[in-house]
>>> print(open('work24.txt').read())   # compact mmCIF, C-alpha atoms
# COMPACT_ATOMS: atom_id res chain seq x y z
CA MET A 1145 -17.87 -74.42 26.05
CA THR A 1146 -19.22 -76.00 22.90
CA PHE A 1147 -19.93 -79.21 24.79
CA VAL A 1148 -21.79 -77.28 27.47
CA SER A 1149 -23.93 -75.44 24.93
CA TYR A 1150 -25.08 -78.72 23.35
CA ALA A 1151 -25.08 -81.14 26.28
CA ILE A 1152 -26.69 -79.13 29.10
CA GLY A 1153 -30.44 -78.78 28.73
CA TRP A 1154 -31.15 -76.30 31.52
CA HIS A 1155 -30.76 -72.82 30.13
CA LYS A 1156 -29.70 -71.09 33.36
CA VAL A 1157 -27.21 -73.80 34.29
CA ARG A 1158 -25.77 -73.74 30.78
CA LEU A 1159 -25.22 -69.97 30.92
CA ILE A 1160 -23.59 -70.12 34.35
CA LEU A 1161 -21.26 -72.90 33.19
CA THR A 1162 -20.43 -70.90 30.06
CA LEU A 1163 -19.60 -67.89 32.23
CA LEU A 1164 -17.30 -69.97 34.44
CA LEU A 1165 -15.60 -71.62 31.48
CA SER A 1166 -15.08 -68.34 29.64
CA PHE A 1167 -13.55 -66.84 32.78
CA ASN A 1168 -11.24 -69.84 33.05
CA LEU A 1169 -10.24 -69.59 29.38
CA THR A 1170 -9.50 -65.88 29.69
CA TYR A 1171 -7.42 -66.48 32.81
CA LEU A 1172 -5.44 -69.30 31.20
CA TYR A 1173 -4.52 -67.23 28.15
CA LEU A 1174 -3.65 -64.25 30.30
CA ARG A 1175 -1.53 -66.35 32.64
CA TRP A 1176 0.40 -68.54 30.22
CA SER A 1177 0.59 -66.61 26.92
CA PRO A 1178 0.91 -69.82 24.90
CA HIS A 1179 1.67 -68.40 21.44
CA LEU A 1180 5.17 -67.59 20.22
CA ILE A 1181 4.19 -64.18 18.87
CA ALA A 1182 3.06 -61.82 21.64
CA TRP A 1183 0.42 -59.92 19.68
CA VAL A 1184 -1.45 -63.16 18.99
CA ASN A 1185 -1.74 -63.68 22.75
CA HIS A 1186 -2.98 -60.12 23.24
CA VAL A 1187 -5.62 -60.48 20.54
CA ARG A 1188 -6.78 -63.81 21.96
CA VAL A 1189 -7.07 -62.42 25.49
CA GLY A 1190 -9.02 -59.46 24.12
CA LEU A 1191 -11.41 -61.75 22.27
CA TYR A 1192 -11.84 -63.97 25.31
CA CYS A 1193 -12.61 -60.89 27.42
CA SER A 1194 -15.39 -60.08 24.94
CA ILE A 1195 -16.70 -63.63 25.31
CA LEU A 1196 -16.53 -63.25 29.09
CA LEU A 1197 -18.52 -60.02 28.90
CA THR A 1198 -21.09 -61.66 26.64
CA SER A 1199 -21.44 -64.62 29.00
CA GLY A 1200 -21.84 -62.33 32.00
CA LEU A 1201 -24.50 -60.25 30.28
CA ALA A 1202 -26.30 -63.41 29.15
CA VAL A 1203 -26.51 -64.50 32.78
CA ALA A 1204 -27.81 -61.03 33.72
CA LEU A 1205 -30.34 -61.29 30.90
CA VAL A 1206 -31.72 -64.64 32.07
CA PHE A 1207 -31.96 -63.66 35.73
CA GLY A 1208 -33.91 -60.48 34.98
CA PRO A 1209 -37.23 -59.32 36.38
CA GLU A 1210 -40.38 -61.41 36.09
CA ASP A 1211 -42.77 -58.59 35.10
CA PRO A 1212 -43.15 -58.56 31.28
CA ASP A 1213 -42.86 -54.77 30.92
CA ALA A 1214 -39.86 -54.56 33.23
CA ALA A 1215 -38.34 -57.59 31.53
CA GLN A 1216 -38.62 -55.91 28.12
CA LYS A 1217 -36.82 -52.78 29.38
CA HIS A 1218 -34.23 -54.99 31.08
CA HIS A 1219 -33.59 -56.91 27.85
CA GLU A 1220 -33.19 -53.69 25.89
CA ARG A 1221 -30.76 -52.30 28.49
CA ILE A 1222 -28.66 -55.47 28.51
CA THR A 1223 -28.57 -55.59 24.70
CA THR A 1224 -27.46 -51.96 24.55
CA LEU A 1225 -24.78 -52.66 27.14
CA LEU A 1226 -23.54 -55.62 25.13
CA TRP A 1227 -23.20 -53.62 21.93
CA ALA A 1228 -21.59 -50.68 23.73
CA LEU A 1229 -19.06 -52.69 25.74
CA LEU A 1230 -18.04 -55.45 23.33
CA GLY A 1231 -15.23 -53.50 21.65
CA PRO A 1232 -13.92 -51.80 24.80
CA ALA A 1233 -13.82 -55.16 26.60
CA ALA A 1234 -11.62 -56.56 23.84
CA LEU A 1235 -9.33 -53.53 23.99
CA VAL A 1236 -9.07 -53.69 27.77
CA GLY A 1237 -8.28 -57.41 27.64
CA ALA A 1238 -5.57 -56.89 25.03
CA ALA A 1239 -4.11 -53.99 27.03
CA VAL A 1240 -4.06 -56.02 30.24
CA SER A 1241 -2.33 -58.87 28.43
CA TYR A 1242 0.24 -56.50 26.94
CA CYS A 1243 0.97 -54.82 30.27
CA ARG A 1244 1.14 -58.09 32.17
CA LEU A 1245 3.55 -59.71 29.72
CA ASN A 1246 5.80 -56.67 29.41
CA LEU A 1247 5.94 -55.89 33.14
CA TRP A 1248 6.66 -59.49 34.06
CA SER A 1249 9.31 -59.78 31.36
CA ALA A 1250 10.97 -56.54 32.44
CA TYR A 1251 11.00 -57.68 36.06
CA VAL A 1252 12.61 -61.04 35.27
CA LEU A 1253 15.17 -59.47 32.91
CA ARG A 1254 16.05 -56.88 35.56
CA ARG A 1255 16.60 -59.65 38.11
CA PHE A 1256 19.00 -61.42 35.74
CA ARG A 1257 20.83 -58.22 34.80
CA ASN A 1258 21.35 -57.16 38.41
CA ALA A 1259 22.39 -60.61 39.64
CA PRO A 1260 25.92 -61.04 40.94
CA PRO A 1261 28.29 -62.86 38.57
CA GLY A 1262 28.33 -66.62 38.99
CA GLU A 1263 24.92 -66.77 40.66
CA LYS A 1264 22.85 -69.79 39.69
CA ALA A 1265 19.81 -69.01 37.57
CA ARG A 1266 17.42 -70.79 39.88
CA ARG A 1267 18.43 -68.48 42.72
CA ILE A 1268 18.03 -65.31 40.67
CA TYR A 1269 14.40 -65.92 39.80
CA LYS A 1270 12.42 -68.97 40.78
CA PHE A 1271 10.05 -69.86 37.99
CA GLY A 1272 6.96 -71.59 39.29
CA ASP A 1273 6.39 -73.73 36.23
CA PRO A 1274 8.32 -74.83 33.12
CA ARG A 1275 5.77 -72.98 31.00
CA GLU A 1276 6.92 -69.71 32.59
CA VAL A 1277 10.47 -70.45 31.43
CA SER A 1278 9.15 -71.08 27.93
CA THR A 1279 7.23 -67.79 27.92
CA LYS A 1280 10.28 -65.90 29.14
CA LEU A 1281 12.54 -67.49 26.53
CA LYS A 1282 10.09 -66.58 23.78
CA ASN A 1283 10.16 -62.95 24.93
CA CYS A 1284 13.97 -62.95 25.10
CA GLU A 1285 14.18 -64.30 21.53
CA ILE A 1286 11.86 -61.60 20.26
CA VAL A 1287 13.86 -58.90 22.05
CA ARG A 1288 17.11 -60.33 20.73
CA SER A 1289 15.90 -60.53 17.15
CA CYS A 1290 14.36 -57.04 17.17
CA SER A 1291 17.10 -55.03 18.85
CA ASP A 1292 20.50 -53.84 17.73
CA VAL A 1293 22.27 -54.86 20.93
CA SER A 1294 25.64 -56.56 20.55
CA ARG A 1295 26.10 -60.30 21.13
CA SER A 1296 28.41 -59.66 24.07
CA TRP A 1297 25.49 -58.28 26.06
CA TYR A 1298 23.66 -61.62 25.75
CA ARG A 1299 26.63 -63.59 26.96
CA GLN A 1300 26.72 -61.67 30.23
>>> encode(input="work24.txt", output="structure tokens")
Amino acid sequence: MTFVSYAIGWHKVRLILTLLLSFNLTYLYLRWSPHLIAWVNHVRVGLYCSILLTSGLAVALVFGPEDPDAAQKHHERITTLLWALLGPAALVGAAVSYCRLNLWSAYVLRRFRNAPPGEKARRIYKFGDPREVSTKLKNCEIVRSCSDVSRSWYRQ
């Protein structure tokens, strides 16, 4: 996004590219959760949702009405919307990240708990990518280190 803001000279094209790139960045962080500590991922997704909102409102600001009086009211409305929605967008993004990570983790753990003994791991849950395995292992380590469950439960 930094490259786009300096390299693209057309204002409208630059804002549309920034909107697309911020959407992509938000999606990537929401999908992969790359950090070891979960709350860091949630905060990052929340911040990227705020950036996505800002990019979207910047596009709406540029493609406003042509009439100067209507344009002034439009600019004021968009600015008010930005200030009013910036914090809630971050909170919604963090909440979506939290829910997505916890629901997915609970689903995968339930599949492994309810699997018949001796079943191969790849048949219990088919991970689509090695990064998903990494994310799941990070969550299992956090659960293991934070709970008072006996070691025998983990061997099952």
>>> closest_residue(input="work24.txt", among="A:Trp1176, A:Val1148, A:Asn1168, A:Arg1244", to="A:Gly1272", atoms="all atoms listed in the file")
A:Trp1176
>>> atom_distance(input="work24.txt", atom1="atom CA of A:Tyr1173", atom2="atom CA of A:Val1189")
6.1 Å
>>> closest_residue(input="work24.txt", among="A:Asn1258, A:Ser1194, A:Ser1241, A:Thr1146", to="A:Leu1172", atoms="only C-alpha atoms")
A:Ser1241
>>> atom_distance(input="work24.txt", atom1="atom CA of A:Ser1278", atom2="atom CA of A:Pro1178")
8.9 Å
>>> closest_residue(input="work24.txt", among="A:Leu1159, A:Ile1195, A:Ala1238, A:Cys1243", to="A:Phe1207", atoms="only C-alpha atoms")
A:Leu1159
>>> closest_residue(input="work24.txt", among="A:Ile1152, A:Ala1182, A:Met1145, A:Leu1161", to="A:Tyr1242", atoms="all atoms listed in the file")
A:Ala1182
>>> closest_residue(input="work24.txt", among="A:Gly1237, A:Arg1257, A:Ala1265, A:Leu1180", to="A:Leu1196", atoms="all atoms listed in the file")
A:Gly1237
>>> closest_residue(input="work24.txt", among="A:Ile1222, A:Leu1165, A:Cys1193, A:Ala1151", to="A:Leu1205", atoms="all atoms listed in the file")
A:Ile1222
>>> axis_aligned_box(input="work24.txt", around="stretch 1155-1168 of chain A", padding_each_side="5 Å", output="AutoDock Vina command-line options")
--center_x -21.0 --center_y -70.3 --center_z 32.0 --size_x 29.5 --size_y 17.0 --size_z 14.8
>>> atom_distance(input="work24.txt", atom1="atom CA of A:Ile1160", atom2="atom CA of A:Ser1199")
8.0 Å
>>> decode(input="work24.txt", residues="stretch 1173-1187 of chain A", atoms="N, CA and C atoms", output="JSON list (two decimals), in the first residue's frame")
[["chain", "number", "residue", "atom", "x", "y", "z"],
["A", 1173, "TYR", "N", -4.90, -11.65, 7.13],
["A", 1173, "TYR", "CA", -4.71, -11.77, 8.58],
["A", 1173, "TYR", "C", -5.85, -12.52, 9.23],
["A", 1174, "LEU", "N", -7.06, -12.33, 8.73],
["A", 1174, "LEU", "CA", -8.19, -13.05, 9.29],
["A", 1174, "LEU", "C", -8.11, -14.54, 8.95],
["A", 1175, "ARG", "N", -7.64, -14.86, 7.78],
["A", 1175, "ARG", "CA", -7.58, -16.25, 7.33],
["A", 1175, "ARG", "C", -6.45, -17.03, 7.98],
["A", 1176, "TRP", "N", -5.27, -16.45, 8.07],
["A", 1176, "TRP", "CA", -4.10, -17.23, 8.49],
["A", 1176, "TRP", "C", -3.68, -17.03, 9.93],
["A", 1177, "SER", "N", -4.04, -15.95, 10.57],
["A", 1177, "SER", "CA", -3.63, -15.69, 11.96],
["A", 1177, "SER", "C", -2.15, -15.99, 12.16],
["A", 1178, "PRO", "N", -1.26, -15.19, 11.59],
["A", 1178, "PRO", "CA", 0.15, -15.56, 11.53],
["A", 1178, "PRO", "C", 0.94, -15.44, 12.83],
["A", 1179, "HIS", "N", 0.44, -14.73, 13.83],
["A", 1179, "HIS", "CA", 1.22, -14.53, 15.05],
["A", 1179, "HIS", "C", 0.97, -15.66, 16.05],
["A", 1180, "LEU", "N", 1.96, -15.92, 16.87],
["A", 1180, "LEU", "CA", 1.88, -17.00, 17.85],
["A", 1180, "LEU", "C", 0.85, -16.69, 18.93],
["A", 1181, "ILE", "N", 0.76, -15.46, 19.35],
["A", 1181, "ILE", "CA", -0.16, -15.06, 20.40],
["A", 1181, "ILE", "C", -1.45, -14.58, 19.74],
["A", 1182, "ALA", "N", -2.58, -15.16, 20.14],
["A", 1182, "ALA", "CA", -3.85, -14.92, 19.46],
["A", 1182, "ALA", "C", -4.30, -13.47, 19.55],
["A", 1183, "TRP", "N", -4.10, -12.81, 20.68],
["A", 1183, "TRP", "CA", -4.61, -11.45, 20.81],
["A", 1183, "TRP", "C", -3.91, -10.49, 19.86],
["A", 1184, "VAL", "N", -2.67, -10.79, 19.51],
["A", 1184, "VAL", "CA", -1.97, -9.95, 18.53],
["A", 1184, "VAL", "C", -2.67, -10.04, 17.18],
["A", 1185, "ASN", "N", -3.08, -11.23, 16.79],
["A", 1185, "ASN", "CA", -3.83, -11.39, 15.55],
["A", 1185, "ASN", "C", -5.15, -10.62, 15.59],
["A", 1186, "HIS", "N", -5.85, -10.69, 16.73],
["A", 1186, "HIS", "CA", -7.13, -10.00, 16.83],
["A", 1186, "HIS", "C", -6.96, -8.49, 16.73],
["A", 1187, "VAL", "N", -5.93, -7.97, 17.39],
["A", 1187, "VAL", "CA", -5.68, -6.53, 17.32],
["A", 1187, "VAL", "C", -5.32, -6.12, 15.89]]
